[in-house]
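Below you'll find the structure, written out as structure tokens, and then a few comments.
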Amino acid sequence: MFLEDKNIKLSKCFVRKVYCENSNQQKKKGCLIMSKTKLSLILVLVAAVIATLVILPGCSTSTTTTAAAETTAAAETTAAAETTAAAETTTTLPEGGYAYYDEMKAAAKEGKEYPGTPAKGFSLAFTDINGGMPFTNSVWKSVQDQWKLAGGDPEKLYYADNRYDATIGLKNADIMLAKKPNVLINFQFDAKVNSIISNKFTAANIPIIAVDVPTPNAPFMGVNNFKVAYMAGEAAIEQVEAMGGIDKIDNIILGQFPAGGEVLMLRSEGFYQAFVDKYGADVVDPKTIRFDGGAGEAEQANKAMTDVLSKIPNAKVIALTSINEQTMSGIISAIQTAGRWDPANWIIITQGCDEVGQQQLRDGLTDGAVAYFPEHYGEYLIPASVAFMNGQPVPPFLYVENQVITMDNIDQFYPKQ
Amino acid sequence: MPEIKAPSQEQRKKIKLGNTVILFIILVVLFALFSYVGRPFFLSVLNLVPMLNNLSFIGIVAAVLTMVMITGEIDFSIGGNIGLTAVLVAFLLDKGLPGGVVVILALCAGALMGAFNGFIVTMIGVNSMIATIGTMFVWRGIGYTLSNGESMLAMNPVIDYIGRGFLFKVIPFPIVIFIVIFAITYVVMNLSKWGRRIYAVGTNPMASYLSGINVKKIKFINFLFSGITASLGGLILTSLSAVGMPQHGQGLELVVISSIVLGGTALSGGRGEILGTLAGTLILGILYNFLTIMNVYYYYVQIVQGAILVLVVSTYEIRQSRAVKRA
């Protein structure tokens with residue numbers, strides 16, 4: 001009994017001692033320690049306040065009208081943008097057409113200074129999907145070069161790296177908004193998150209140009225994902241035919257990125273569709289394997305491909321594509337690590353043909369690449385930006401011209417340095 | 001060999017107060033510097049309010065994780081928790097549940113995740129770093145499974161309000177939650193028996209146990225609240241982006257832990273301050289904001305953030321070891 005009492009006293013003393021050590025109230029006699037009841041009451045009160053604040057204003061119609069309207073609009077526009085980007089659309093041509101844009105585009109293509117230095121006095125924000133990759137480096141350099149040709153001040157060309165992260169993308173969008181640019185070029189990987197970015201910039205009357213991933217209320221610049229994938233499929237089919245037809249193929253593998261949205265899915269589904277159109281779904285479907293190769297990093301694609309290979313231990317002749325050449329690096333590395341690499345048995349067509357893709361092609365790792373010409377992206381983006389800056393119309397879709405690059409024509413487009 | 005004594009109560013108090021004060025001085029100096037160099041963009045409502053808004057979910061998670069870390073434990077699963085919560089919210093809204101119910105269910109899910117961590121650490125005795133790295137993958141994996149790896153729209157008036165609403169049409173609601181959570185954790189850690197017990201457990205778990213403190217209970221409840229606040233962070237992030245995606249919160253655990261460590265909390269437990277965490281969160285936040293405003297590439301941003309973290313934490317250790325030598 002005595003020991004128990006002593007323990008309780010010791011416990012109280014210890015807690016009191018540690019409390020006194022860690023608080024600023026040591027000088028006060030007795031050190032104020034709240035009772036359990038008081039603390040519980042405070043906590044309950046605060047919880048009640050939070051609950052009230054969360055639930056009541058959120059549910060009341062007066063405060064949510066704007067938010068609801070905003071979100072509905074965002075949902076509608078996202079859906080609309082995705083569908084229209086995926087399908088061919090017919091749009092009403094504005095009076096006078098896109099003469100201004102076309103004039104700027106012509107100067108851009110020739111690498112000449114734009115007539116009338118149209119970017120002078122304006123600012124432009126560029127949020128990059130993931131800086132430091134050959135593809136995005138080319139795009140950014142092209143934007144910088146064209147901005148100079150348009151007479152833009154390099155100090156007024158704002159840059160932020162979204163790091164393939166929607167949270168960072170949102171943060172960067174807010175920072176760019178604070179800098180009040182005249183136009184935003186939005187290169188952000190998640191089409192749905194772009195709805196919120198679009199809402200904010202539309203409210204601030206700042207036009208947006210979307211790169212490769214649709215943004216509501218913004219012209220789309222980039223590749224027609226279905227078309228480039230279909231081109232890759234056709235290039236692969238040529239190889240299949242040269243090998244003796246579809247019966248010689250064990251599998252068709254598509255490295256995808258579902259989180260990138262439906263439009264990005266088309267970049268591999270078009271490949272599949274080309275096979276279906278040629279051989280029929282009943283032949284192609286049993287051979288087709290889709291896997292999530294990640295957002296464009298080699299490491300994730302490598303792991304995913306390793307899993308795929310373990311599921312098809314007997315497959316030898318395989319046609320393969322993925323969303324870009326970084327993921328393809330990881331995929332090829334997985335094939336080599338698994339001891340399954342034989343260039344004669346793999347038909348690989350990549351997307352992008354950036355520096356990595358060109359090297360893969362020259363090294364005989366791939367059979368072809370659909371070139372997006374990222375080094376020419378600025379030739380579309382800056383003419384569109386200056387058109388916006390000068391109150392001129394911009395076409396809703398700015399598709400880059402693509403080309404299948406093989407060993408036969410690579411030096412024509414990318415001379416060996 | 002000279003005898004080394006532990007610092008006295010007075011010395012400990014001075015060190016702790018000194019660290020927090022130094023941090024706030026650094027914060028004020030940086031803020032003033034950034035306002036001058038980054039003019040006219042940095043010091044504007046259009047910049048500072050969204051910056052605080054975007055920091056809010058990091059701060060909320062950091063405040064409660066500080067309590068976990070003062071007990072000598074750690075919770076790496078917060079990023080996975082945020083990802084799963086985000087997907088869960090979108091999933092439940094898609095099933096037609098009302099926003100208020102979804103909020104409650106999401107917080108309950110957070111409590112479950114926290115309780116699971118607490119159970120593994122306190123009842124089974126698994127090291128908290130290992131346990132929560134494991135559960136981080138589990139939560140994120142469930143998120144990927146539930147969403148099929150895709151992002152899902154999460155739009156509902158209640159959810160929208162949590163991340164994008166304004167209190168009295170002026171103060172962004174995430175900032176209100178941020179302030180409330182910091183106020184609660186400050187009161188708990190500095191004015192309650194519970195807070196004293198947390199410090200006691202972190203300082204010396206065995207002595208605390210022998211003194212009658214239920215060490216396991218304290219750690220368990222801290223994990224529970226860490227789970228709930230991570231889910232709250234997930235709710236805010238979902239609302240800010242209007243999308244539930246399993247990638248939400250990826251890598252966030254390191255950002256949060258960096259803020260806490262920068263704030264002076266020792267990974268070994270027993271030492272830390274809620275106000276320090278607040279200062280650490282704000283310093284890292286304004287640093288990123290300023291460097292991005294100045295068009296600095298992300299690689300350099302990482303270098304600067306990492307260097308500041310190492311520099312400040314080294315300063316703490318030097319001060320601590322000097323105090324020990326003086327004693």
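If you're wondering about the labels, chains in the structure tokens are A, B, ... by order shown, residues count from 1 in each chain, ligands from 1 in order shown.
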
May I have the residues within 6 Å of Ile252 (chain A) as an mmCIF file with C-alpha atoms, in the first residue's frame, using only C-alpha atoms and disregarding those fewer than 3 positions away in the same chain?
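Wrote selection.cif, looks like this:
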```cif
data_model
loop_
_atom_site.group_PDB
_atom_site.id
_atom_site.type_symbol
_atom_site.label_atom_id
_atom_site.label_comp_id
_atom_site.auth_asym_id
_atom_site.auth_seq_id
_atom_site.Cartn_x
_atom_site.Cartn_y
_atom_site.Cartn_z
ATOM 1 C CA LYS A 287 -1.844 -11.062 -77.382
ATOM 2 C CA THR A 288 -2.171 -7.576 -75.855
ATOM 3 C CA ILE A 318 7.107 -9.011 -78.937
ATOM 4 C CA ALA A 319 5.895 -5.659 -80.301
ATOM 5 C CA LEU A 320 6.257 -2.897 -77.768
#
```

Tell me which protein, DNA and RNA residues are within 9 Å of Glu297 (chain A), counting only C-alpha atoms, leaving out same-chain ones fewer than 5 positions away, and put them as a PDB file with C-alpha atoms, in the first residue's frame.
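Saved the output as out_23.pdb:
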```
ATOM      1  CA  ASN A 302      11.723  -0.817 -65.256  1.00  0.00           C
ATOM      2  CA  GLN A 326      12.520   7.678 -70.688  1.00  0.00           C
ATOM      3  CA  THR A 327      10.077   4.918 -69.808  1.00  0.00           C
ATOM      4  CA  SER A 329      14.919   3.130 -71.332  1.00  0.00           C
ATOM      5  CA  GLY A 330      13.677   1.491 -68.155  1.00  0.00           C
TER       6      GLY A 330
END
```

* Restricting the calculation to only C-alpha atoms, which member of A:Gly97, A:Gly111, A:Gly294, A:Pro214 is positioned closest to chain B? ->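 Ranking A:Gly97, A:Gly111, A:Gly294, A:Pro214 by distance to chain B, first place goes to A:Gly294.
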
Restrict the distance test to only C-alpha atoms, flag each residue of chain B within 6 Å of chain A, and return the flagged residues as JSON, numbers by chain. {"B": [9, 41, 46, 47, 149, 150, 151, 157, 158, 161, 192, 196, 211, 212, 241, 295]}

Select from region 124-315 of chain A everything DSSP, run on the backbone, classes as alpha helix (DSSP H), then give the selection as an mmCIF file with N, CA and C atoms, in the first residue's frame.
```
data_model
loop_
_atom_site.group_PDB
_atom_site.id
_atom_site.type_symbol
_atom_site.label_atom_id
_atom_site.label_comp_id
_atom_site.auth_asym_id
_atom_site.auth_seq_id
_atom_site.Cartn_x
_atom_site.Cartn_y
_atom_site.Cartn_z
ATOM 1 N N PRO A 134 15.515 15.338 -71.544
ATOM 2 C CA PRO A 134 15.860 15.827 -72.886
ATOM 3 C C PRO A 134 14.672 16.460 -73.610
ATOM 4 N N PHE A 135 13.503 15.819 -73.511
ATOM 5 C CA PHE A 135 12.324 16.326 -74.217
ATOM 6 C C PHE A 135 11.943 17.718 -73.701
ATOM 7 N N THR A 136 11.809 17.822 -72.383
ATOM 8 C CA THR A 136 11.358 19.100 -71.812
ATOM 9 C C THR A 136 12.437 20.171 -71.936
ATOM 10 N N ASN A 137 13.703 19.751 -71.886
ATOM 11 C CA ASN A 137 14.781 20.732 -72.092
ATOM 12 C C ASN A 137 14.670 21.344 -73.486
ATOM 13 N N SER A 138 14.363 20.479 -74.480
ATOM 14 C CA SER A 138 14.236 20.976 -75.858
ATOM 15 C C SER A 138 13.073 21.951 -75.975
ATOM 16 N N VAL A 139 11.962 21.594 -75.328
ATOM 17 C CA VAL A 139 10.779 22.472 -75.398
ATOM 18 C C VAL A 139 11.120 23.830 -74.786
ATOM 19 N N TRP A 140 11.716 23.800 -73.613
ATOM 20 C CA TRP A 140 12.017 25.049 -72.888
ATOM 21 C C TRP A 140 13.008 25.913 -73.676
ATOM 22 N N LYS A 141 14.011 25.272 -74.258
ATOM 23 C CA LYS A 141 14.995 26.043 -75.035
ATOM 24 C C LYS A 141 14.320 26.690 -76.246
ATOM 25 N N SER A 142 13.440 25.915 -76.858
ATOM 26 C CA SER A 142 12.724 26.422 -78.022
ATOM 27 C C SER A 142 11.847 27.629 -77.649
ATOM 28 N N VAL A 143 11.196 27.534 -76.488
ATOM 29 C CA VAL A 143 10.354 28.646 -76.019
ATOM 30 C C VAL A 143 11.220 29.883 -75.778
ATOM 31 N N GLN A 144 12.369 29.685 -75.138
ATOM 32 C CA GLN A 144 13.256 30.823 -74.850
ATOM 33 C C GLN A 144 13.751 31.479 -76.141
ATOM 34 N N ASP A 145 14.156 30.633 -77.105
ATOM 35 C CA ASP A 145 14.682 31.164 -78.373
ATOM 36 C C ASP A 145 13.611 31.970 -79.115
ATOM 37 N N GLN A 146 12.411 31.391 -79.155
ATOM 38 C CA GLN A 146 11.334 32.062 -79.896
ATOM 39 C C GLN A 146 10.886 33.338 -79.188
ATOM 40 N N TRP A 147 10.925 33.308 -77.858
ATOM 41 C CA TRP A 147 10.541 34.497 -77.080
ATOM 42 C C TRP A 147 11.472 35.668 -77.431
ATOM 43 N N LYS A 148 12.757 35.350 -77.574
ATOM 44 C CA LYS A 148 13.716 36.402 -77.958
ATOM 45 C C LYS A 148 13.397 36.916 -79.362
ATOM 46 N N LEU A 149 13.097 35.970 -80.281
ATOM 47 C CA LEU A 149 12.781 36.376 -81.659
ATOM 48 C C LEU A 149 11.531 37.260 -81.712
ATOM 49 N N ALA A 166 1.196 16.967 -59.137
ATOM 50 C CA ALA A 166 0.045 17.863 -59.216
ATOM 51 C C ALA A 166 0.071 18.899 -58.096
ATOM 52 N N THR A 167 0.555 18.497 -56.913
ATOM 53 C CA THR A 167 0.597 19.433 -55.785
ATOM 54 C C THR A 167 1.558 20.577 -56.094
ATOM 55 N N ILE A 168 2.718 20.225 -56.632
ATOM 56 C CA ILE A 168 3.687 21.269 -57.006
ATOM 57 C C ILE A 168 3.125 22.091 -58.167
ATOM 58 N N GLY A 169 2.428 21.417 -59.071
ATOM 59 C CA GLY A 169 1.809 22.109 -60.203
ATOM 60 C C GLY A 169 0.848 23.196 -59.741
ATOM 61 N N LEU A 170 0.046 22.871 -58.742
ATOM 62 C CA LEU A 170 -0.912 23.847 -58.208
ATOM 63 C C LEU A 170 -0.186 25.005 -57.527
ATOM 64 N N LYS A 171 0.846 24.631 -56.760
ATOM 65 C CA LYS A 171 1.618 25.651 -56.054
ATOM 66 C C LYS A 171 2.260 26.608 -57.069
ATOM 67 N N ASN A 172 2.850 26.027 -58.107
ATOM 68 C CA ASN A 172 3.502 26.850 -59.126
ATOM 69 C C ASN A 172 2.495 27.733 -59.863
ATOM 70 N N ALA A 173 1.323 27.178 -60.110
ATOM 71 C CA ALA A 173 0.291 27.967 -60.800
ATOM 72 C C ALA A 173 -0.057 29.197 -59.965
ATOM 73 N N ASP A 174 -0.153 29.014 -58.649
ATOM 74 C CA ASP A 174 -0.454 30.148 -57.767
ATOM 75 C C ASP A 174 0.663 31.191 -57.809
ATOM 76 N N ILE A 175 1.904 30.702 -57.814
ATOM 77 C CA ILE A 175 3.042 31.645 -57.841
ATOM 78 C C ILE A 175 3.034 32.417 -59.163
ATOM 79 N N MET A 176 2.760 31.708 -60.242
ATOM 80 C CA MET A 176 2.713 32.368 -61.546
ATOM 81 C C MET A 176 1.575 33.391 -61.601
ATOM 82 N N LEU A 177 0.464 33.013 -60.987
ATOM 83 C CA LEU A 177 -0.691 33.918 -60.967
ATOM 84 C C LEU A 177 -0.329 35.213 -60.236
ATOM 85 N N ALA A 178 0.467 35.070 -59.162
ATOM 86 C CA ALA A 178 0.883 36.256 -58.391
ATOM 87 C C ALA A 178 1.767 37.179 -59.228
ATOM 88 N N VAL A 193 -6.587 18.102 -62.856
ATOM 89 C CA VAL A 193 -6.071 19.191 -62.006
ATOM 90 C C VAL A 193 -6.013 20.503 -62.800
ATOM 91 N N ASN A 194 -5.849 20.376 -64.117
ATOM 92 C CA ASN A 194 -5.805 21.577 -64.956
ATOM 93 C C ASN A 194 -7.109 22.374 -64.900
ATOM 94 N N SER A 195 -8.201 21.724 -64.493
ATOM 95 C CA SER A 195 -9.483 22.437 -64.365
ATOM 96 C C SER A 195 -9.359 23.568 -63.356
ATOM 97 N N ILE A 196 -8.731 23.260 -62.227
ATOM 98 C CA ILE A 196 -8.592 24.261 -61.172
ATOM 99 C C ILE A 196 -7.665 25.385 -61.635
ATOM 100 N N ILE A 197 -6.596 25.001 -62.307
ATOM 101 C CA ILE A 197 -5.652 26.012 -62.811
ATOM 102 C C ILE A 197 -6.375 26.921 -63.812
ATOM 103 N N SER A 198 -7.172 26.294 -64.664
ATOM 104 C CA SER A 198 -7.926 27.066 -65.646
ATOM 105 C C SER A 198 -8.883 28.035 -64.957
ATOM 106 N N ASN A 199 -9.588 27.558 -63.917
ATOM 107 C CA ASN A 199 -10.525 28.427 -63.180
ATOM 108 C C ASN A 199 -9.830 29.675 -62.666
ATOM 109 N N LYS A 200 -8.674 29.470 -62.054
ATOM 110 C CA LYS A 200 -7.959 30.599 -61.439
ATOM 111 C C LYS A 200 -7.504 31.612 -62.486
ATOM 112 N N PHE A 201 -6.940 31.109 -63.576
ATOM 113 C CA PHE A 201 -6.412 32.029 -64.587
ATOM 114 C C PHE A 201 -7.534 32.682 -65.395
ATOM 115 N N THR A 202 -8.610 31.929 -65.606
ATOM 116 C CA THR A 202 -9.734 32.518 -66.328
ATOM 117 C C THR A 202 -10.324 33.653 -65.501
ATOM 118 N N ALA A 203 -10.416 33.429 -64.174
ATOM 119 C CA ALA A 203 -10.951 34.477 -63.294
ATOM 120 C C ALA A 203 -10.068 35.724 -63.331
ATOM 121 N N ASN A 225 -2.390 12.640 -79.869
ATOM 122 C CA ASN A 225 -1.884 11.407 -79.256
ATOM 123 C C ASN A 225 -2.327 10.139 -79.982
ATOM 124 N N PHE A 226 -3.566 10.138 -80.417
ATOM 125 C CA PHE A 226 -4.061 8.942 -81.109
ATOM 126 C C PHE A 226 -3.326 8.761 -82.437
ATOM 127 N N LYS A 227 -3.152 9.891 -83.130
ATOM 128 C CA LYS A 227 -2.519 9.839 -84.455
ATOM 129 C C LYS A 227 -1.071 9.322 -84.360
ATOM 130 N N VAL A 228 -0.323 9.870 -83.369
ATOM 131 C CA VAL A 228 1.091 9.443 -83.281
ATOM 132 C C VAL A 228 1.202 7.978 -82.871
ATOM 133 N N ALA A 229 0.274 7.553 -82.012
ATOM 134 C CA ALA A 229 0.313 6.150 -81.592
ATOM 135 C C ALA A 229 -0.048 5.241 -82.768
ATOM 136 N N TYR A 230 -0.990 5.697 -83.568
ATOM 137 C CA TYR A 230 -1.409 4.915 -84.741
ATOM 138 C C TYR A 230 -0.244 4.811 -85.732
ATOM 139 N N MET A 231 0.476 5.939 -85.875
ATOM 140 C CA MET A 231 1.664 5.931 -86.757
ATOM 141 C C MET A 231 2.686 4.918 -86.255
ATOM 142 N N ALA A 232 2.860 4.891 -84.926
ATOM 143 C CA ALA A 232 3.805 3.926 -84.333
ATOM 144 C C ALA A 232 3.335 2.501 -84.598
ATOM 145 N N GLY A 233 2.010 2.292 -84.483
ATOM 146 C CA GLY A 233 1.438 0.973 -84.740
ATOM 147 C C GLY A 233 1.682 0.537 -86.176
ATOM 148 N N GLU A 234 1.488 1.474 -87.102
ATOM 149 C CA GLU A 234 1.697 1.150 -88.523
ATOM 150 C C GLU A 234 3.172 0.795 -88.791
ATOM 151 N N ALA A 235 4.067 1.557 -88.135
ATOM 152 C CA ALA A 235 5.500 1.272 -88.307
ATOM 153 C C ALA A 235 5.837 -0.113 -87.756
ATOM 154 N N ALA A 236 5.212 -0.466 -86.636
ATOM 155 C CA ALA A 236 5.448 -1.783 -86.035
ATOM 156 C C ALA A 236 4.894 -2.885 -86.935
ATOM 157 N N ILE A 237 3.727 -2.614 -87.537
ATOM 158 C CA ILE A 237 3.096 -3.619 -88.406
ATOM 159 C C ILE A 237 3.998 -3.936 -89.612
ATOM 160 N N GLU A 238 4.652 -2.900 -90.128
ATOM 161 C CA GLU A 238 5.592 -3.137 -91.243
ATOM 162 C C GLU A 238 6.640 -4.173 -90.845
ATOM 163 N N GLN A 239 7.136 -4.037 -89.615
ATOM 164 C CA GLN A 239 8.154 -4.972 -89.112
ATOM 165 C C GLN A 239 7.541 -6.366 -88.916
ATOM 166 N N VAL A 240 6.301 -6.370 -88.409
ATOM 167 C CA VAL A 240 5.613 -7.648 -88.177
ATOM 168 C C VAL A 240 5.460 -8.400 -89.500
ATOM 169 N N GLU A 241 5.041 -7.661 -90.513
ATOM 170 C CA GLU A 241 4.859 -8.280 -91.827
ATOM 171 C C GLU A 241 6.184 -8.820 -92.363
ATOM 172 N N ALA A 242 7.245 -8.040 -92.114
ATOM 173 C CA ALA A 242 8.565 -8.481 -92.581
ATOM 174 C C ALA A 242 9.005 -9.753 -91.876
ATOM 175 N N MET A 243 8.468 -9.969 -90.674
ATOM 176 C CA MET A 243 8.845 -11.169 -89.906
ATOM 177 C C MET A 243 7.952 -12.361 -90.233
ATOM 178 N N GLU A 262 -7.258 10.339 -70.062
ATOM 179 C CA GLU A 262 -7.668 9.577 -71.244
ATOM 180 C C GLU A 262 -6.867 9.961 -72.482
ATOM 181 N N VAL A 263 -6.546 11.257 -72.588
ATOM 182 C CA VAL A 263 -5.851 11.711 -73.793
ATOM 183 C C VAL A 263 -4.465 11.063 -73.889
ATOM 184 N N LEU A 264 -3.786 10.998 -72.778
ATOM 185 C CA LEU A 264 -2.456 10.380 -72.784
ATOM 186 C C LEU A 264 -2.554 8.869 -73.018
ATOM 187 N N MET A 265 -3.659 8.276 -72.611
ATOM 188 C CA MET A 265 -3.861 6.842 -72.863
ATOM 189 C C MET A 265 -3.924 6.560 -74.363
ATOM 190 N N LEU A 266 -4.415 7.559 -75.098
ATOM 191 C CA LEU A 266 -4.514 7.362 -76.551
ATOM 192 C C LEU A 266 -3.140 7.166 -77.182
ATOM 193 N N ARG A 267 -2.098 7.643 -76.517
ATOM 194 C CA ARG A 267 -0.741 7.551 -77.053
ATOM 195 C C ARG A 267 -0.288 6.094 -77.206
ATOM 196 N N SER A 268 -0.913 5.209 -76.436
ATOM 197 C CA SER A 268 -0.593 3.794 -76.623
ATOM 198 C C SER A 268 -1.777 3.036 -77.239
ATOM 199 N N GLU A 269 -2.988 3.507 -76.941
ATOM 200 C CA GLU A 269 -4.159 2.806 -77.482
ATOM 201 C C GLU A 269 -4.229 2.918 -79.004
ATOM 202 N N GLY A 270 -3.689 3.982 -79.559
ATOM 203 C CA GLY A 270 -3.641 4.122 -81.013
ATOM 204 C C GLY A 270 -2.778 3.029 -81.640
ATOM 205 N N PHE A 271 -1.728 2.652 -80.941
ATOM 206 C CA PHE A 271 -0.827 1.577 -81.378
ATOM 207 C C PHE A 271 -1.614 0.272 -81.488
ATOM 208 N N TYR A 272 -2.387 0.022 -80.440
ATOM 209 C CA TYR A 272 -3.233 -1.180 -80.394
ATOM 210 C C TYR A 272 -4.269 -1.136 -81.536
ATOM 211 N N GLN A 273 -4.860 0.056 -81.728
ATOM 212 C CA GLN A 273 -5.915 0.189 -82.728
ATOM 213 C C GLN A 273 -5.380 -0.106 -84.145
ATOM 214 N N ALA A 274 -4.150 0.307 -84.402
ATOM 215 C CA ALA A 274 -3.554 0.032 -85.716
ATOM 216 C C ALA A 274 -3.467 -1.476 -85.944
ATOM 217 N N PHE A 275 -3.117 -2.215 -84.897
ATOM 218 C CA PHE A 275 -3.044 -3.683 -84.991
ATOM 219 C C PHE A 275 -4.438 -4.282 -85.190
ATOM 220 N N VAL A 276 -5.405 -3.725 -84.451
ATOM 221 C CA VAL A 276 -6.782 -4.240 -84.565
ATOM 222 C C VAL A 276 -7.305 -4.010 -85.981
ATOM 223 N N ASP A 277 -7.056 -2.803 -86.511
ATOM 224 C CA ASP A 277 -7.530 -2.479 -87.851
ATOM 225 C C ASP A 277 -6.908 -3.407 -88.903
ATOM 226 N N LYS A 278 -5.693 -3.832 -88.644
ATOM 227 C CA LYS A 278 -5.002 -4.679 -89.622
ATOM 228 C C LYS A 278 -5.372 -6.162 -89.469
ATOM 229 N N TYR A 279 -5.417 -6.610 -88.201
ATOM 230 C CA TYR A 279 -5.568 -8.063 -87.997
ATOM 231 C C TYR A 279 -6.880 -8.484 -87.322
ATOM 232 N N ALA A 281 -9.687 -7.618 -83.840
ATOM 233 C CA ALA A 281 -9.583 -7.640 -82.372
ATOM 234 C C ALA A 281 -9.443 -9.055 -81.833
ATOM 235 N N ASP A 282 -10.107 -10.030 -82.513
ATOM 236 C CA ASP A 282 -10.056 -11.401 -82.007
ATOM 237 C C ASP A 282 -8.637 -11.972 -82.033
ATOM 238 N N VAL A 283 -7.828 -11.485 -82.963
ATOM 239 C CA VAL A 283 -6.436 -11.943 -83.034
ATOM 240 C C VAL A 283 -5.560 -11.128 -82.080
ATOM 241 N N VAL A 284 -5.806 -9.834 -82.042
ATOM 242 C CA VAL A 284 -4.911 -8.925 -81.311
ATOM 243 C C VAL A 284 -5.162 -8.972 -79.794
ATOM 244 N N ALA A 298 12.254 6.333 -65.817
ATOM 245 C CA ALA A 298 12.733 5.015 -66.216
ATOM 246 C C ALA A 298 12.570 3.973 -65.101
ATOM 247 N N GLU A 299 12.774 4.409 -63.875
ATOM 248 C CA GLU A 299 12.819 3.468 -62.749
ATOM 249 C C GLU A 299 11.498 2.714 -62.570
ATOM 250 N N GLN A 300 10.407 3.473 -62.578
ATOM 251 C CA GLN A 300 9.099 2.842 -62.373
ATOM 252 C C GLN A 300 8.754 1.910 -63.535
ATOM 253 N N ALA A 301 9.102 2.364 -64.752
ATOM 254 C CA ALA A 301 8.827 1.545 -65.933
ATOM 255 C C ALA A 301 9.636 0.249 -65.873
ATOM 256 N N ASN A 302 10.847 0.352 -65.371
ATOM 257 C CA ASN A 302 11.723 -0.817 -65.256
ATOM 258 C C ASN A 302 11.085 -1.867 -64.340
ATOM 259 N N LYS A 303 10.637 -1.419 -63.186
ATOM 260 C CA LYS A 303 10.021 -2.354 -62.227
ATOM 261 C C LYS A 303 8.770 -2.994 -62.820
ATOM 262 N N ALA A 304 7.945 -2.156 -63.450
ATOM 263 C CA ALA A 304 6.688 -2.662 -63.998
ATOM 264 C C ALA A 304 6.946 -3.676 -65.110
ATOM 265 N N MET A 305 7.942 -3.398 -65.960
ATOM 266 C CA MET A 305 8.244 -4.304 -67.071
ATOM 267 C C MET A 305 8.808 -5.628 -66.547
ATOM 268 N N THR A 306 9.575 -5.554 -65.470
ATOM 269 C CA THR A 306 10.109 -6.782 -64.870
ATOM 270 C C THR A 306 8.952 -7.699 -64.466
ATOM 271 N N ASP A 307 7.916 -7.117 -63.889
ATOM 272 C CA ASP A 307 6.732 -7.904 -63.498
ATOM 273 C C ASP A 307 6.044 -8.492 -64.726
ATOM 274 N N VAL A 308 5.945 -7.677 -65.783
ATOM 275 C CA VAL A 308 5.279 -8.142 -67.010
ATOM 276 C C VAL A 308 6.035 -9.347 -67.579
ATOM 277 N N LEU A 309 7.350 -9.229 -67.625
ATOM 278 C CA LEU A 309 8.169 -10.307 -68.216
ATOM 279 C C LEU A 309 8.017 -11.614 -67.444
ATOM 280 N N SER A 310 7.886 -11.488 -66.131
ATOM 281 C CA SER A 310 7.757 -12.714 -65.334
ATOM 282 C C SER A 310 6.424 -13.420 -65.596
ATOM 283 N N LYS A 311 5.451 -12.654 -66.108
ATOM 284 C CA LYS A 311 4.140 -13.266 -66.399
ATOM 285 C C LYS A 311 4.117 -13.949 -67.763
#
```

Margin query: Among region 122-221 of chain A, which ones does DSSP assign to strand (DSSP E) (computed from the backbone)? Answer as a list of chain:residue names.
Written below: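 Assigned to strand (DSSP E), within region 122-221 of chain A: A:Leu124, A:Ala125, A:Phe126, A:Thr127, A:Asp128, A:Leu157, A:Tyr158, A:Tyr159, A:Ala160, A:Asp161, A:Val183, A:Leu184, A:Ile185, A:Asn186, A:Ile208, A:Ile209, A:Ala210, A:Val211, A:Phe220, A:Met221.
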
Checklist entry - Could you state the separation of CA of Gly195 (chain B) and CA of Leu267 (chain B) in Å, given to one decimal place? => result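 It comes out at 17.4 Å.
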
So that I can check the surroundings of Gly141 (chain B), please list as a ChimeraX atom specification every protein, DNA and RNA residue that reaches within 12 Å of it, counting only C-alpha atoms and ignoring chain neighbours fewer than 2 positions away. /B:77,79-81,83-84,87,134-139,143-149,245-247,250

For the residues in that selection, give me C-alpha atoms as an mmCIF file, in the first residue's frame.
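Below you can see selection.cif, which holds the result:
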```cif
data_model
loop_
_atom_site.group_PDB
_atom_site.id
_atom_site.type_symbol
_atom_site.label_atom_id
_atom_site.label_comp_id
_atom_site.auth_asym_id
_atom_site.auth_seq_id
_atom_site.Cartn_x
_atom_site.Cartn_y
_atom_site.Cartn_z
ATOM 1 C CA SER B 77 3.020 6.814 -43.589
ATOM 2 C CA GLY B 79 2.159 10.644 -47.480
ATOM 3 C CA GLY B 80 0.452 7.319 -48.180
ATOM 4 C CA ASN B 81 -2.373 8.299 -45.853
ATOM 5 C CA GLY B 83 -2.930 9.643 -51.107
ATOM 6 C CA LEU B 84 -5.426 7.084 -49.862
ATOM 7 C CA VAL B 87 -8.748 8.666 -53.514
ATOM 8 C CA GLY B 134 5.549 -0.423 -44.588
ATOM 9 C CA THR B 135 2.127 1.094 -44.058
ATOM 10 C CA MET B 136 3.039 4.031 -46.317
ATOM 11 C CA PHE B 137 3.296 1.552 -49.197
ATOM 12 C CA VAL B 138 0.151 -0.265 -48.080
ATOM 13 C CA TRP B 139 -1.970 2.919 -47.949
ATOM 14 C CA GLY B 143 -5.179 4.098 -53.160
ATOM 15 C CA TYR B 144 -3.858 2.892 -56.504
ATOM 16 C CA THR B 145 -6.119 -0.157 -56.383
ATOM 17 C CA LEU B 146 -9.202 1.861 -55.508
ATOM 18 C CA SER B 147 -8.595 4.402 -58.267
ATOM 19 C CA ASN B 148 -7.101 1.996 -60.783
ATOM 20 C CA GLY B 149 -4.125 4.349 -60.859
ATOM 21 C CA MET B 245 -5.286 10.837 -57.039
ATOM 22 C CA PRO B 246 -3.125 8.159 -55.417
ATOM 23 C CA GLN B 247 -0.001 10.202 -56.138
ATOM 24 C CA GLN B 250 4.040 11.435 -52.583
#
```
